Structures are given as C-alpha cells and as structure tokens.
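See below for coords_14.cif, which holds mmCIF, C-alpha atoms.
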data_model
#
loop_
_atom_site.label_atom_id
_atom_site.label_comp_id
_atom_site.auth_asym_id
_atom_site.auth_seq_id
_atom_site.Cartn_x
_atom_site.Cartn_y
_atom_site.Cartn_z
CA MET A 1 125.24 93.11 151.85
CA GLN A 2 125.23 94.09 148.20
CA ASP A 3 128.50 95.14 146.62
CA ALA A 4 128.85 98.63 145.14
CA GLN A 5 128.47 97.32 141.58
CA SER A 6 124.97 96.00 142.21
CA LEU A 7 123.65 99.09 144.02
CA PRO A 8 121.83 101.77 142.03
CA SER A 9 123.93 104.90 141.50
CA ARG A 10 121.72 107.01 143.78
CA GLN A 11 122.31 104.62 146.66
CA ILE A 12 126.04 104.49 145.90
CA LEU A 13 126.18 108.28 146.22
CA ILE A 14 124.27 108.20 149.52
CA GLU A 15 126.50 105.45 150.93
CA ALA A 16 129.61 107.36 149.85
CA GLY A 17 128.27 110.47 151.58
CA LYS A 18 127.71 108.51 154.75
CA VAL A 19 131.23 107.07 154.74
CA LEU A 20 132.91 110.36 153.82
CA SER A 21 130.89 112.47 156.24
CA VAL A 22 131.58 110.13 159.17
CA ARG A 23 135.28 109.95 158.31
CA GLU A 24 135.60 113.71 157.92
CA GLY A 25 133.13 114.60 160.67
CA SER A 26 130.95 116.74 158.43
CA ALA A 27 128.28 116.31 155.79
CA MET A 28 128.09 120.03 155.12
CA GLN A 29 131.66 120.08 153.79
CA LEU A 30 131.10 117.39 151.15
CA SER A 31 131.31 118.55 147.56
CA ILE A 32 129.77 117.04 144.44
CA GLU A 33 133.25 116.57 143.02
CA GLN A 34 134.37 114.72 146.13
CA LEU A 35 131.34 112.41 146.01
CA CYS A 36 131.78 111.64 142.32
CA LEU A 37 135.48 110.99 142.77
CA ALA A 38 134.81 108.62 145.69
CA THR A 39 132.21 106.67 143.70
CA ASN A 40 133.86 106.78 140.26
CA LEU A 41 130.60 108.17 138.91
CA PRO A 42 130.53 111.03 136.41
CA GLU A 43 129.29 114.36 137.75
CA PRO A 44 126.36 114.57 135.28
CA LEU A 45 125.03 111.34 136.82
CA PHE A 46 124.89 113.08 140.21
CA TYR A 47 122.43 115.58 138.71
CA THR A 48 120.28 112.72 137.42
CA TYR A 49 119.40 111.91 141.05
CA PHE A 50 119.82 115.24 142.86
CA SER A 51 119.02 118.71 141.60
CA ASP A 52 121.79 120.22 143.69
CA LEU A 53 123.88 119.72 146.83
CA ARG A 54 120.98 120.80 149.07
CA ALA A 55 118.78 118.01 147.66
CA TYR A 56 121.63 115.55 148.18
CA ARG A 57 122.11 116.65 151.79
CA MET A 58 118.38 116.29 152.37
CA ALA A 59 118.53 112.70 151.05
CA LEU A 60 121.54 112.04 153.28
CA LEU A 61 119.60 113.39 156.28
CA GLN A 62 116.74 111.00 155.47
CA HIS A 63 119.22 108.14 155.17
CA TYR A 64 120.72 108.90 158.59
CA ARG A 65 117.22 109.25 160.04
CA ASP A 66 116.35 105.79 158.75
CA LEU A 67 119.53 104.32 160.26
CA ALA A 68 118.84 105.94 163.63
CA ARG A 69 115.23 104.73 163.56
CA ALA A 70 116.27 101.16 162.78
CA GLU A 71 118.75 101.16 165.66
CA ALA A 72 116.20 102.62 168.07
CA ILE A 73 113.61 100.02 167.10
CA GLY A 74 116.16 97.25 167.53
CA GLY A 75 117.06 98.48 171.01
CA MET A 76 113.44 98.88 171.98
CA MET A 77 112.43 95.42 170.85
CA ALA A 78 115.10 93.97 173.13
CA SER A 79 113.66 95.87 176.11
CA ALA A 80 110.70 95.19 178.34
CA SER A 81 107.58 97.31 177.84
CA GLY A 82 107.12 100.51 179.76
CA LEU A 83 109.96 102.66 181.04
CA PRO A 84 112.74 100.25 180.00
CA ARG A 85 111.54 100.50 176.39
CA ILE A 86 111.34 104.31 176.55
CA PHE A 87 114.82 104.54 178.09
CA ALA A 88 116.22 102.20 175.42
CA ALA A 89 114.69 104.31 172.62
CA TRP A 90 116.11 107.53 174.02
CA THR A 91 119.52 106.04 174.68
CA GLN A 92 119.63 104.68 171.12
CA TYR A 93 118.62 108.12 169.83
CA TRP A 94 121.35 109.87 171.79
CA ASP A 95 123.96 107.31 170.82
CA ALA A 96 123.02 107.47 167.13
CA ASN A 97 123.43 111.23 167.17
CA LEU A 98 126.92 110.81 168.63
CA GLN A 99 127.86 107.94 166.36
CA TRP A 100 126.74 109.80 163.26
CA ARG A 101 127.73 113.39 164.02
CA PRO A 102 126.80 114.35 160.45
CA LEU A 103 123.20 113.36 161.29
CA ARG A 104 123.03 115.98 164.02
CA GLU A 105 124.94 118.49 161.87
CA LEU A 106 122.40 118.07 159.05
CA ALA A 107 119.49 118.18 161.50
CA ILE A 108 120.71 121.48 162.94
CA HIS A 109 121.35 122.87 159.47
CA PHE A 110 117.90 121.93 158.16
CA ARG A 111 115.93 122.93 161.27
CA THR A 112 114.82 126.16 159.60
CA ASP A 113 114.33 124.66 156.12
CA VAL A 114 110.67 123.81 155.40
CA GLU A 115 111.41 120.39 153.90
CA GLY A 116 114.10 119.61 156.46
CA PHE A 117 111.85 120.65 159.31
CA GLU A 118 109.20 118.23 158.04
CA ILE A 119 111.70 115.34 158.00
CA LEU A 120 112.74 116.18 161.56
CA ARG A 121 109.15 116.66 162.70
CA MET A 122 108.19 113.22 161.37
CA ARG A 123 111.18 111.69 163.16
CA LEU A 124 110.19 113.35 166.42
CA ALA A 125 106.54 112.34 165.93
CA GLY A 126 107.64 108.69 165.83
CA VAL A 127 109.55 109.08 169.10
CA VAL A 128 106.54 110.78 170.69
CA LEU A 129 104.14 108.02 169.59
CA ILE A 130 106.36 105.27 170.97
CA CYS A 131 106.79 107.08 174.25
CA GLN A 132 103.06 107.82 174.49
CA TYR A 133 102.14 104.19 173.87
CA GLU A 134 104.56 102.96 176.53
CA LEU A 135 103.38 105.59 179.03
CA LYS A 136 99.77 104.54 178.45
CA TYR A 137 100.85 100.93 179.01
CA ILE A 138 102.13 101.76 182.50
CA GLN A 139 99.19 104.14 183.14
CA TRP A 140 101.35 107.25 183.46
CA PRO A 141 99.18 110.37 183.82
CA ASN A 142 98.85 112.58 180.72
CA PRO A 143 100.84 110.28 178.43
CA ALA A 144 100.46 112.38 175.26
CA GLU A 145 101.61 115.59 176.91
CA THR A 146 104.41 113.87 178.81
CA ALA A 147 105.63 112.14 175.65
CA ARG A 148 105.66 115.37 173.68
CA LEU A 149 107.54 117.36 176.31
CA THR A 150 110.12 114.68 177.06
CA ALA A 151 110.77 114.04 173.37
CA HIS A 152 111.81 117.66 173.05
CA MET A 153 114.09 117.30 176.08
CA VAL A 154 115.66 114.26 174.41
CA VAL A 155 116.28 116.25 171.21
CA GLU A 156 117.78 119.19 173.09
CA THR A 157 120.06 116.78 174.95
CA ALA A 158 121.23 115.43 171.59
CA VAL A 159 121.95 118.99 170.41
CA ALA A 160 123.94 119.74 173.59
CA GLU A 161 125.92 116.51 173.14
CA PHE A 162 126.66 117.44 169.52
CA GLU A 163 127.96 120.82 170.65
CA ALA A 164 130.05 119.18 173.39
CA GLY A 165 131.26 116.43 171.07
CA ARG A 166 130.56 113.77 173.68
CA ALA A 167 127.84 112.17 175.78
CA LEU A 168 126.59 114.29 178.67
CA PRO A 169 125.59 111.72 181.31
CA ALA A 170 124.27 114.30 183.78
CA MET A 171 121.96 115.74 181.16
CA ARG A 172 120.74 112.29 180.09
CA GLU A 173 120.17 111.31 183.71
CA THR A 174 118.16 114.49 184.33
CA VAL A 175 115.73 113.50 181.57
CA LEU A 176 115.49 109.91 182.79
CA ALA A 177 115.23 110.91 186.49
CA TYR A 178 111.82 112.43 185.89
CA PHE A 179 110.49 108.93 185.28
CA ARG A 180 112.32 107.35 188.19
CA ALA A 181 110.29 109.40 190.65
CA PRO A 182 106.72 108.40 191.42
CA PRO A 183 104.35 109.46 188.63
CA PRO A 184 102.72 112.85 189.13
CA HIS A 185 99.01 112.98 189.86
CA ALA A 186 96.72 113.52 186.88
#
Show me the file's structure as structure tokens.
Amino acid sequence: MQDAQSLPSRQILIEAGKVLSVREGSAMQLSIEQLCLATNLPEPLFYTYFSDLRAYRMALLQHYRDLARAEAIGGMMASASGLPRIFAAWTQYWDANLQWRPLRELAIHFRTDVEGFEILRMRLAGVVLICQYELKYIQWPNPAETARLTAHMVVETAVAEFEAGRALPAMRETVLAYFRAPPPHA
C-alpha cells in the first residue's frame, strides 16, 4: 500500500475520513477542521478538492460504496454460481454495512438527495444485475422481477441492522428462506 506522502491530497482526505468516521462511528459529525488536522493539510487545500462538506461526504459515500462492492465481488467469486453466489453477495453487503456504519449513515442521509440517490441507485442496480444473472443461470422464474424485489429486501435489512447496531439473523434468514423453498411457478 502507498504511504500517505505518496497519495494525492484528495485521497488522503478521503482515507482520513474513512478512518475517523469508523473510529468515531459517524461520518456526519466530521468537520473540515478535524479532517485537515488529521491529515496535516491546510484548510484551503480541502476546498481545492471539495466545494463544501456535503461534496466531501458524497465522495466519502462513493469511497465506501467502492469498498463494499469490492468485498462483495471477492465473496461472490469464491462462491459457486447460482444461489450460493447470491447469498454470498448479500451477506457481504450486510456485513459491509455493519463493518462501515458510516456507509449506512451516509446512505440514509443522502437517500433524499438527488446526487446521493443516484449513487445509491447505481449501487443497487449492480446488486440487481448480479442477482438476475445468477437467477437466470438456475432458471428461476421471473429473474428480473425477483432480483429487483429481493435487492430491496436486502437494503431494508441493512437499514434495520444499522438501526439495531447489530446483525439481525432472523431478518437475514427470512430473505434467504424465500430461495430455499422450491421456486414458484412462472
């Protein structure tokens, strides 16, 4: 991994936000002053990369989204095609949202923001496409519709776990149980 001296200042600020938000349990409480102090960067440099704290938080949300996506892909690639791959993707998604509570906090905060909603919609679209592909692979009826509906259940489970501050095994199992029963008729 690169050391802090070789990273561009924008990336240093994002990494500092990730570390601070995980340590403190919140990305919404981070201040520009706190970020600049943690990185030894002058405050005017912050404004070179981000117009304001909202823009910074949006970049941090994208960073967390990329981390969660990379973990989900890694878990999926280690799983067999079909339902095992879908279950691995969802489990990775849930676990990432618990591991990086600031990810879920930012996602909830930006749900009603046009730009934030688009970031979240793109993230969900990726989950839906993966699920749809795997459902087609096992010839599950109505794979597109099933993928779309279950992706939303997965997201709502992540929101409930964020609110509870812990994994909710019964809720996760309820989502997965749908696929453990025989497939419905088309």
Could you list, as a count of residues only, every residue within 9 Å of stretch 12-29 of chain A, counting all atoms listed in the file and ignoring same-chain residues fewer than 6 positions away? 22
As JSON, numbers by chain, please: the residues near stretch 134-137 of chain A (cut-off 12 Å, all atoms listed in the file, same-chain neighbours under 4 positions excluded). {"A": [76, 79, 80, 81, 82, 83, 84, 85, 86, 87, 88, 89, 127, 128, 129, 130, 141, 142, 143, 144, 145, 146, 147, 148, 150, 179, 183]}
Identify which of the residues A:Glu43, A:Glu173, A:Glu161, A:Glu156 lies closest to A:Leu124, counting all atoms listed in the file when measuring atom-to-atom distances. A:Glu156
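Separating atom CA of A:Asp113 from atom CA of A:Gly165 is a distance of 24.0 Å.
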Using atom CA of A:Gly75 and atom CA of A:Thr91 as the two end points, give the distance in Å to one decimal. 8.8 Å
A straight line from atom CA of A:Arg166 to atom CA of A:Trp90 spans 15.7 Å
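The residue that comes closest to A:Phe162, out of A:Phe117, A:Phe110, A:Tyr47, A:Trp94 and on the basis of all atoms listed in the file, is A:Trp94.
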Your completed stretch 155-181 of chain A with N, CA, C and O atoms, as an mmCIF file, keeping the file's coordinate frame:
data_model
loop_
_atom_site.group_PDB
_atom_site.id
_atom_site.type_symbol
_atom_site.label_atom_id
_atom_site.label_comp_id
_atom_site.auth_asym_id
_atom_site.auth_seq_id
_atom_site.Cartn_x
_atom_site.Cartn_y
_atom_site.Cartn_z
ATOM 1 N N VAL A 155 115.665 115.596 172.362
ATOM 2 C CA VAL A 155 116.280 116.250 171.210
ATOM 3 C C VAL A 155 117.269 117.323 171.663
ATOM 4 O O VAL A 155 118.389 117.415 171.151
ATOM 5 N N GLU A 156 116.880 118.134 172.619
ATOM 6 C CA GLU A 156 117.780 119.190 173.090
ATOM 7 C C GLU A 156 119.021 118.609 173.767
ATOM 8 O O GLU A 156 120.111 119.184 173.672
ATOM 9 N N THR A 157 118.895 117.466 174.398
ATOM 10 C CA THR A 157 120.060 116.780 174.950
ATOM 11 C C THR A 157 120.989 116.343 173.835
ATOM 12 O O THR A 157 122.213 116.497 173.926
ATOM 13 N N ALA A 158 120.423 115.829 172.744
ATOM 14 C CA ALA A 158 121.230 115.430 171.590
ATOM 15 C C ALA A 158 121.968 116.629 170.991
ATOM 16 O O ALA A 158 123.136 116.528 170.606
ATOM 17 N N VAL A 159 121.312 117.779 170.930
ATOM 18 C CA VAL A 159 121.950 118.990 170.410
ATOM 19 C C VAL A 159 123.104 119.403 171.326
ATOM 20 O O VAL A 159 124.207 119.718 170.856
ATOM 21 N N ALA A 160 122.875 119.372 172.635
ATOM 22 C CA ALA A 160 123.940 119.740 173.590
ATOM 23 C C ALA A 160 125.119 118.773 173.473
ATOM 24 O O ALA A 160 126.282 119.195 173.552
ATOM 25 N N GLU A 161 124.841 117.483 173.288
ATOM 26 C CA GLU A 161 125.920 116.510 173.140
ATOM 27 C C GLU A 161 126.686 116.737 171.837
ATOM 28 O O GLU A 161 127.908 116.589 171.796
ATOM 29 N N PHE A 162 125.987 117.121 170.778
ATOM 30 C CA PHE A 162 126.660 117.440 169.520
ATOM 31 C C PHE A 162 127.616 118.609 169.730
ATOM 32 O O PHE A 162 128.769 118.575 169.295
ATOM 33 N N GLU A 163 127.125 119.636 170.402
ATOM 34 C CA GLU A 163 127.960 120.820 170.650
ATOM 35 C C GLU A 163 129.156 120.482 171.534
ATOM 36 O O GLU A 163 130.247 121.012 171.334
ATOM 37 N N ALA A 164 128.959 119.582 172.494
ATOM 38 C CA ALA A 164 130.050 119.180 173.390
ATOM 39 C C ALA A 164 130.979 118.161 172.741
ATOM 40 O O ALA A 164 132.120 117.990 173.173
ATOM 41 N N GLY A 165 130.472 117.452 171.733
ATOM 42 C CA GLY A 165 131.260 116.430 171.070
ATOM 43 C C GLY A 165 131.401 115.146 171.870
ATOM 44 O O GLY A 165 132.273 114.321 171.607
ATOM 45 N N ARG A 166 130.508 114.959 172.832
ATOM 46 C CA ARG A 166 130.560 113.770 173.680
ATOM 47 C C ARG A 166 129.225 113.603 174.403
ATOM 48 O O ARG A 166 128.415 114.523 174.431
ATOM 49 N N ALA A 167 129.037 112.417 174.976
ATOM 50 C CA ALA A 167 127.840 112.170 175.780
ATOM 51 C C ALA A 167 127.874 113.060 177.017
ATOM 52 O O ALA A 167 128.945 113.351 177.558
ATOM 53 N N LEU A 168 126.712 113.493 177.456
ATOM 54 C CA LEU A 168 126.590 114.290 178.670
ATOM 55 C C LEU A 168 125.720 113.509 179.661
ATOM 56 O O LEU A 168 124.502 113.684 179.718
ATOM 57 N N PRO A 169 126.363 112.605 180.427
ATOM 58 C CA PRO A 169 125.590 111.720 181.310
ATOM 59 C C PRO A 169 124.679 112.451 182.287
ATOM 60 O O PRO A 169 123.560 111.989 182.538
ATOM 61 N N ALA A 170 125.114 113.582 182.821
ATOM 62 C CA ALA A 170 124.270 114.300 183.780
ATOM 63 C C ALA A 170 123.002 114.817 183.107
ATOM 64 O O ALA A 170 121.914 114.780 183.701
ATOM 65 N N MET A 171 123.127 115.257 181.884
ATOM 66 C CA MET A 171 121.960 115.740 181.160
ATOM 67 C C MET A 171 121.009 114.587 180.836
ATOM 68 O O MET A 171 119.790 114.707 181.004
ATOM 69 N N ARG A 172 121.569 113.466 180.376
ATOM 70 C CA ARG A 172 120.740 112.290 180.090
ATOM 71 C C ARG A 172 120.014 111.847 181.362
ATOM 72 O O ARG A 172 118.825 111.548 181.329
ATOM 73 N N GLU A 173 120.748 111.773 182.448
ATOM 74 C CA GLU A 173 120.170 111.310 183.710
ATOM 75 C C GLU A 173 119.055 112.241 184.183
ATOM 76 O O GLU A 173 118.057 111.787 184.745
ATOM 77 N N THR A 174 119.198 113.536 183.927
ATOM 78 C CA THR A 174 118.160 114.490 184.330
ATOM 79 C C THR A 174 116.853 114.192 183.600
ATOM 80 O O THR A 174 115.776 114.244 184.204
ATOM 81 N N VAL A 175 116.938 113.854 182.323
ATOM 82 C CA VAL A 175 115.730 113.500 181.570
ATOM 83 C C VAL A 175 115.136 112.201 182.124
ATOM 84 O O VAL A 175 113.933 112.116 182.381
ATOM 85 N N LEU A 176 115.977 111.201 182.321
ATOM 86 C CA LEU A 176 115.490 109.910 182.790
ATOM 87 C C LEU A 176 114.986 109.960 184.237
ATOM 88 O O LEU A 176 114.061 109.227 184.602
ATOM 89 N N ALA A 177 115.586 110.830 185.066
ATOM 90 C CA ALA A 177 115.230 110.910 186.490
ATOM 91 C C ALA A 177 113.763 111.286 186.690
ATOM 92 O O ALA A 177 113.140 110.880 187.682
ATOM 93 N N TYR A 178 113.223 112.053 185.780
ATOM 94 C CA TYR A 178 111.820 112.430 185.890
ATOM 95 C C TYR A 178 110.923 111.195 186.007
ATOM 96 O O TYR A 178 109.948 111.183 186.742
ATOM 97 N N PHE A 179 111.301 110.145 185.297
ATOM 98 C CA PHE A 179 110.490 108.930 185.280
ATOM 99 C C PHE A 179 110.857 107.964 186.403
ATOM 100 O O PHE A 179 110.162 106.982 186.607
ATOM 101 N N ARG A 180 111.924 108.231 187.080
ATOM 102 C CA ARG A 180 112.320 107.350 188.190
ATOM 103 C C ARG A 180 111.602 107.744 189.475
ATOM 104 O O ARG A 180 111.553 106.973 190.417
ATOM 105 N N ALA A 181 111.081 108.947 189.502
ATOM 106 C CA ALA A 181 110.290 109.400 190.650
ATOM 107 C C ALA A 181 108.875 108.841 190.499
ATOM 108 O O ALA A 181 108.482 108.422 189.412
#
